[in-house]
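> Next up, entry-v8.txt (compact mmCIF, C-alpha atoms).
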```txt
# COMPACT_ATOMS: atom_id res chain seq x y z
CA MET C 1 85.13 -67.26 -49.95
CA ALA C 2 84.82 -68.06 -46.27
CA ASP C 3 82.41 -69.90 -43.99
CA GLY C 4 79.06 -68.12 -43.99
CA ASP C 5 79.67 -66.27 -47.27
CA GLY C 6 77.18 -66.62 -50.07
CA LEU C 7 76.93 -66.47 -53.81
CA GLN C 8 73.74 -65.24 -55.44
CA LEU C 9 72.65 -67.21 -58.49
CA GLU C 10 71.15 -65.60 -61.60
CA ASP C 11 67.66 -66.73 -60.54
CA GLY C 12 68.01 -64.91 -57.17
CA ARG C 13 68.65 -67.98 -55.00
CA TRP C 14 71.69 -68.10 -52.73
CA LEU C 15 74.38 -70.71 -52.21
CA LYS C 16 75.89 -70.55 -48.73
CA VAL C 17 79.51 -71.59 -48.10
CA GLN C 18 79.95 -73.97 -45.17
CA ALA C 19 83.56 -74.71 -44.21
CA ALA C 20 84.43 -78.25 -43.17
CA ALA C 21 85.33 -78.87 -39.54
CA GLU C 22 88.91 -79.87 -38.76
CA VAL C 23 90.98 -80.43 -35.63
CA ILE C 24 91.89 -77.02 -34.22
CA ILE C 25 93.66 -75.94 -31.03
CA GLU C 26 91.92 -73.20 -29.07
CA VAL C 27 94.38 -71.04 -27.15
CA ARG C 28 92.95 -69.40 -24.03
CA HIS C 29 94.29 -67.37 -21.11
CA ASN C 30 92.31 -65.89 -18.22
CA ASP C 31 94.32 -62.64 -18.49
CA PRO C 32 93.40 -60.71 -21.68
CA ASN C 33 96.82 -59.01 -21.67
CA GLN C 34 98.53 -62.40 -21.73
CA LEU C 35 96.25 -63.52 -24.58
CA VAL C 36 97.48 -60.51 -26.58
CA ARG C 37 101.05 -61.56 -25.77
CA LEU C 38 100.31 -65.08 -27.02
CA ALA C 39 98.84 -63.63 -30.23
CA TRP C 40 102.04 -61.64 -30.72
CA HIS C 41 104.17 -64.79 -30.38
CA LEU C 42 101.99 -66.62 -32.92
CA GLY C 43 102.20 -63.69 -35.34
CA ASN C 44 105.95 -63.40 -34.83
CA ARG C 45 106.18 -66.97 -36.10
CA HIS C 46 103.88 -66.18 -39.05
CA LEU C 47 101.49 -68.89 -37.88
CA PRO C 48 97.99 -68.75 -39.39
CA THR C 49 95.77 -67.74 -36.46
CA GLU C 50 92.05 -67.19 -36.11
CA ILE C 51 91.21 -64.44 -33.64
CA ARG C 52 87.90 -64.86 -31.83
CA ASP C 53 86.40 -63.33 -28.70
CA GLN C 54 88.74 -64.35 -25.83
CA VAL C 55 90.30 -67.21 -27.82
CA LEU C 56 92.88 -67.77 -30.54
CA ARG C 57 92.68 -70.76 -32.87
CA ILE C 58 95.59 -72.50 -34.58
CA ARG C 59 96.22 -75.78 -36.35
CA PRO C 60 97.88 -78.46 -34.19
CA ASP C 61 101.66 -78.10 -33.88
CA HIS C 62 103.34 -79.74 -30.89
CA VAL C 63 106.29 -77.33 -30.84
CA ILE C 64 104.01 -74.27 -30.83
CA GLU C 65 101.67 -75.90 -28.32
CA ASP C 66 104.62 -76.51 -25.95
CA MET C 67 105.68 -72.87 -26.32
CA LEU C 68 102.15 -71.65 -25.54
CA LEU C 69 101.87 -73.93 -22.50
CA GLY C 70 105.19 -72.49 -21.30
CA PHE C 71 103.61 -69.03 -21.44
CA GLY C 72 100.67 -70.22 -19.30
CA ALA C 73 98.10 -70.80 -22.04
CA ASP C 74 95.22 -73.22 -21.70
CA LEU C 75 94.87 -75.35 -24.84
CA VAL C 76 91.71 -77.16 -25.92
CA LYS C 77 91.44 -79.43 -28.98
CA VAL C 78 88.15 -78.86 -30.88
CA GLN C 79 86.53 -79.77 -34.20
CA ALA C 80 85.69 -76.51 -35.99
CA ALA C 81 85.99 -74.61 -39.24
CA PHE C 82 89.32 -72.73 -39.32
CA GLN C 83 89.15 -69.13 -40.56
CA PRO C 84 92.59 -67.54 -39.96
CA GLU C 85 93.16 -63.82 -40.32
CA GLY C 86 94.12 -62.74 -43.84
CA GLY C 87 97.00 -60.50 -42.83
CA ALA C 88 98.01 -57.07 -44.02
CA TYR C 89 98.63 -58.17 -47.60
CA GLY C 90 95.59 -60.31 -48.30
CA GLY C 91 97.01 -63.77 -47.73
CA HIS C 92 94.79 -66.65 -46.69
CA GLY C 93 91.69 -66.42 -44.60
CA HIS C 94 88.77 -64.06 -44.55
CA PRO C 95 89.43 -60.51 -45.81
CA HIS C 96 87.63 -57.72 -44.00
CA ASN C 97 86.83 -55.41 -46.94
CA HIS C 98 84.13 -56.82 -49.21
CA ASP C 99 83.26 -54.74 -52.23
CA ASP C 100 82.50 -57.67 -54.53
CA GLU C 101 79.04 -57.69 -56.09
CA GLY C 102 77.01 -60.69 -55.00
CA HIS C 103 78.80 -61.09 -51.67
CA HIS C 104 76.44 -61.69 -48.78
CA HIS C 105 76.64 -62.42 -45.05
CA ASP C 106 73.68 -63.74 -43.06
```
Mind converting the file's structure to structure tokens?


Amino acid sequence: MADGDGLQLEDGRWLKVQAAAEVIIEVRHNDPNQLVRLAWHLGNRHLPTEIRDQVLRIRPDHVIEDMLLGFGADLVKVQAAFQPEGGAYGGHGHPHNHDDEGHHHD
């Protein structure tokens, strides 16, 4: 289950999942094509990455951060829930196909 998911109880009430905030690095670039290039480099290193609108999120890693800075990225440290992509084979993170009964998004 991921942040924002819910579980319906037998009496009809809902429990909502709220992920805990953690230190995350937001990766930004003013050129969308370069942001795609940065995403490729993160994926090539099999690094769990959250893909958001105009920003990538990763866990802190000074070696990766130095690489990204070398490619012209802007890095911002934030406190946020981390929801990396699940990948082609399930993996960790939030899957995109939800057929489970009782699954709910607000």

> Could you work out how far CA of Val17 (chain C) lies from CA of Met1 (chain C), giving the answer in Å with one decimal?

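Atom-to-atom, CA of Met1 (chain C) to CA of Val17 (chain C), that is 7.3 Å.
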
> Which neighbours of Gly43 (chain C) fall inside 12 Å, counting all atoms listed in the file, when residues of the same chain fewer than 4 positions from it are skipped, and could you give them as a list in words?

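The contact residues come out as Val36, Arg37, Leu38, Ala39, Leu47, Pro48, Thr49, Glu50, Ile51, Leu56, Ile58, Ile64, Pro84, Glu85, Gly86, Gly87 and Ala88 of chain C.
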
> To one decimal place, how far is CA of Asp74 (chain C) from CA of Asp3 (chain C) in Å?

25.9 Å

> Out of C:Arg52, C:Phe82, C:Ile25, C:Asn33, which residue has the shortest atom-to-atom distance to Leu68 (chain C) when counting all atoms listed in the file?

C:Ile25

> Which is closer to Val78 (chain C) than all the others in C:Asn44, C:Asp31, C:Glu22, C:Val55, using only C-alpha atoms?

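Smallest separation from Val78 (chain C) among the options: C:Glu22.
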
> From the options C:Glu65, C:Arg57, C:His46, C:Leu75, which residue's atoms come nearest to Ile24 (chain C), counting only C-alpha atoms?

C:Arg57

> My list of candidates is C:Gln8, C:Gln79, C:Gln18, C:Asn30. Which is closest to Arg59 (chain C) when distances are computed with only C-alpha atoms?

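Among the listed residues, C:Gln79 lies closest to Arg59 (chain C).
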
> Any idea what the distance is between CA of Leu35 (chain C) and CA of Asp53 (chain C)?

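So the answer is 10.7 Å.
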
> I need the residue nearest His41 (chain C) from this list: C:Gly72, C:Gly6, C:Ala20, C:Met67. Use all atoms listed in the file for the distance.

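Once distances to His41 (chain C) are computed over all atoms listed in the file, the minimum belongs to C:Met67.
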
> Since the input is missing atoms, can you rebuild all heavy atoms for region 59-70 of chain C and write them as a CSV table (one decimal), keeping the file's coordinate frame?


```
chain,number,residue,atom,x,y,z
C,59,ARG,N,96.2,-74.4,-36.0
C,59,ARG,CA,96.2,-75.8,-36.4
C,59,ARG,C,97.2,-76.5,-35.4
C,59,ARG,O,98.1,-75.8,-34.9
C,59,ARG,CB,96.7,-76.0,-37.8
C,59,ARG,CG,95.6,-75.6,-38.8
C,59,ARG,CD,95.9,-76.1,-40.2
C,59,ARG,NE,94.8,-75.9,-41.0
C,59,ARG,CZ,94.6,-74.9,-41.9
C,59,ARG,NH1,95.6,-74.0,-42.0
C,59,ARG,NH2,93.6,-74.8,-42.7
C,60,PRO,N,97.0,-77.8,-35.1
C,60,PRO,CA,97.9,-78.5,-34.2
C,60,PRO,C,99.3,-78.4,-34.6
C,60,PRO,O,99.7,-78.6,-35.8
C,60,PRO,CB,97.4,-79.9,-34.2
C,60,PRO,CG,95.9,-79.8,-34.7
C,60,PRO,CD,95.9,-78.6,-35.6
C,61,ASP,N,100.2,-78.1,-33.7
C,61,ASP,CA,101.7,-78.1,-33.9
C,61,ASP,C,102.3,-78.3,-32.5
C,61,ASP,O,102.3,-77.3,-31.7
C,61,ASP,CB,102.1,-76.8,-34.5
C,61,ASP,CG,103.6,-76.7,-34.8
C,61,ASP,OD1,104.4,-77.1,-33.9
C,61,ASP,OD2,103.9,-76.2,-35.8
C,62,HIS,N,102.9,-79.4,-32.2
C,62,HIS,CA,103.3,-79.7,-30.9
C,62,HIS,C,104.4,-78.8,-30.4
C,62,HIS,O,104.5,-78.5,-29.2
C,62,HIS,CB,103.8,-81.2,-30.8
C,62,HIS,CG,105.0,-81.5,-31.5
C,62,HIS,ND1,106.3,-81.4,-31.0
C,62,HIS,CD2,105.2,-81.9,-32.8
C,62,HIS,CE1,107.2,-81.7,-31.9
C,62,HIS,NE2,106.6,-82.0,-33.0
C,63,VAL,N,105.3,-78.3,-31.3
C,63,VAL,CA,106.3,-77.3,-30.8
C,63,VAL,C,105.6,-76.0,-30.4
C,63,VAL,O,106.0,-75.5,-29.3
C,63,VAL,CB,107.3,-77.1,-32.0
C,63,VAL,CG1,108.3,-76.0,-31.6
C,63,VAL,CG2,108.1,-78.4,-32.3
C,64,ILE,N,104.7,-75.5,-31.2
C,64,ILE,CA,104.0,-74.3,-30.8
C,64,ILE,C,103.2,-74.5,-29.6
C,64,ILE,O,103.1,-73.6,-28.7
C,64,ILE,CB,103.1,-73.8,-32.0
C,64,ILE,CG1,104.0,-73.5,-33.2
C,64,ILE,CG2,102.3,-72.6,-31.6
C,64,ILE,CD1,105.0,-72.3,-33.0
C,65,GLU,N,102.5,-75.6,-29.5
C,65,GLU,CA,101.7,-75.9,-28.3
C,65,GLU,C,102.5,-75.9,-27.0
C,65,GLU,O,102.1,-75.3,-26.0
C,65,GLU,CB,100.9,-77.2,-28.5
C,65,GLU,CG,99.8,-77.2,-29.6
C,65,GLU,CD,99.3,-78.5,-29.9
C,65,GLU,OE1,98.9,-79.3,-28.9
C,65,GLU,OE2,99.2,-78.9,-31.1
C,66,ASP,N,103.7,-76.5,-27.1
C,66,ASP,CA,104.6,-76.5,-26.0
C,66,ASP,C,105.0,-75.1,-25.6
C,66,ASP,O,105.1,-74.7,-24.4
C,66,ASP,CB,105.9,-77.4,-26.2
C,66,ASP,CG,105.6,-78.9,-26.2
C,66,ASP,OD1,104.5,-79.3,-25.8
C,66,ASP,OD2,106.4,-79.6,-26.7
C,67,MET,N,105.3,-74.3,-26.6
C,67,MET,CA,105.7,-72.9,-26.3
C,67,MET,C,104.5,-72.2,-25.6
C,67,MET,O,104.7,-71.5,-24.6
C,67,MET,CB,106.0,-72.2,-27.6
C,67,MET,CG,106.3,-70.7,-27.4
C,67,MET,SD,106.2,-69.7,-29.0
C,67,MET,CE,104.5,-69.7,-29.3
C,68,LEU,N,103.3,-72.3,-26.1
C,68,LEU,CA,102.2,-71.6,-25.5
C,68,LEU,C,101.9,-72.1,-24.1
C,68,LEU,O,101.6,-71.3,-23.2
C,68,LEU,CB,100.9,-71.9,-26.4
C,68,LEU,CG,101.0,-71.3,-27.8
C,68,LEU,CD1,99.8,-71.8,-28.7
C,68,LEU,CD2,100.9,-69.7,-27.7
C,69,LEU,N,102.0,-73.4,-23.9
C,69,LEU,CA,101.9,-73.9,-22.5
C,69,LEU,C,102.9,-73.3,-21.6
C,69,LEU,O,102.6,-73.0,-20.4
C,69,LEU,CB,102.0,-75.5,-22.5
C,69,LEU,CG,100.8,-76.2,-23.1
C,69,LEU,CD1,101.1,-77.7,-23.3
C,69,LEU,CD2,99.5,-76.0,-22.3
C,70,GLY,N,104.1,-73.1,-22.1
C,70,GLY,CA,105.2,-72.5,-21.3
C,70,GLY,C,104.9,-71.1,-20.9
C,70,GLY,O,105.4,-70.5,-19.9
```
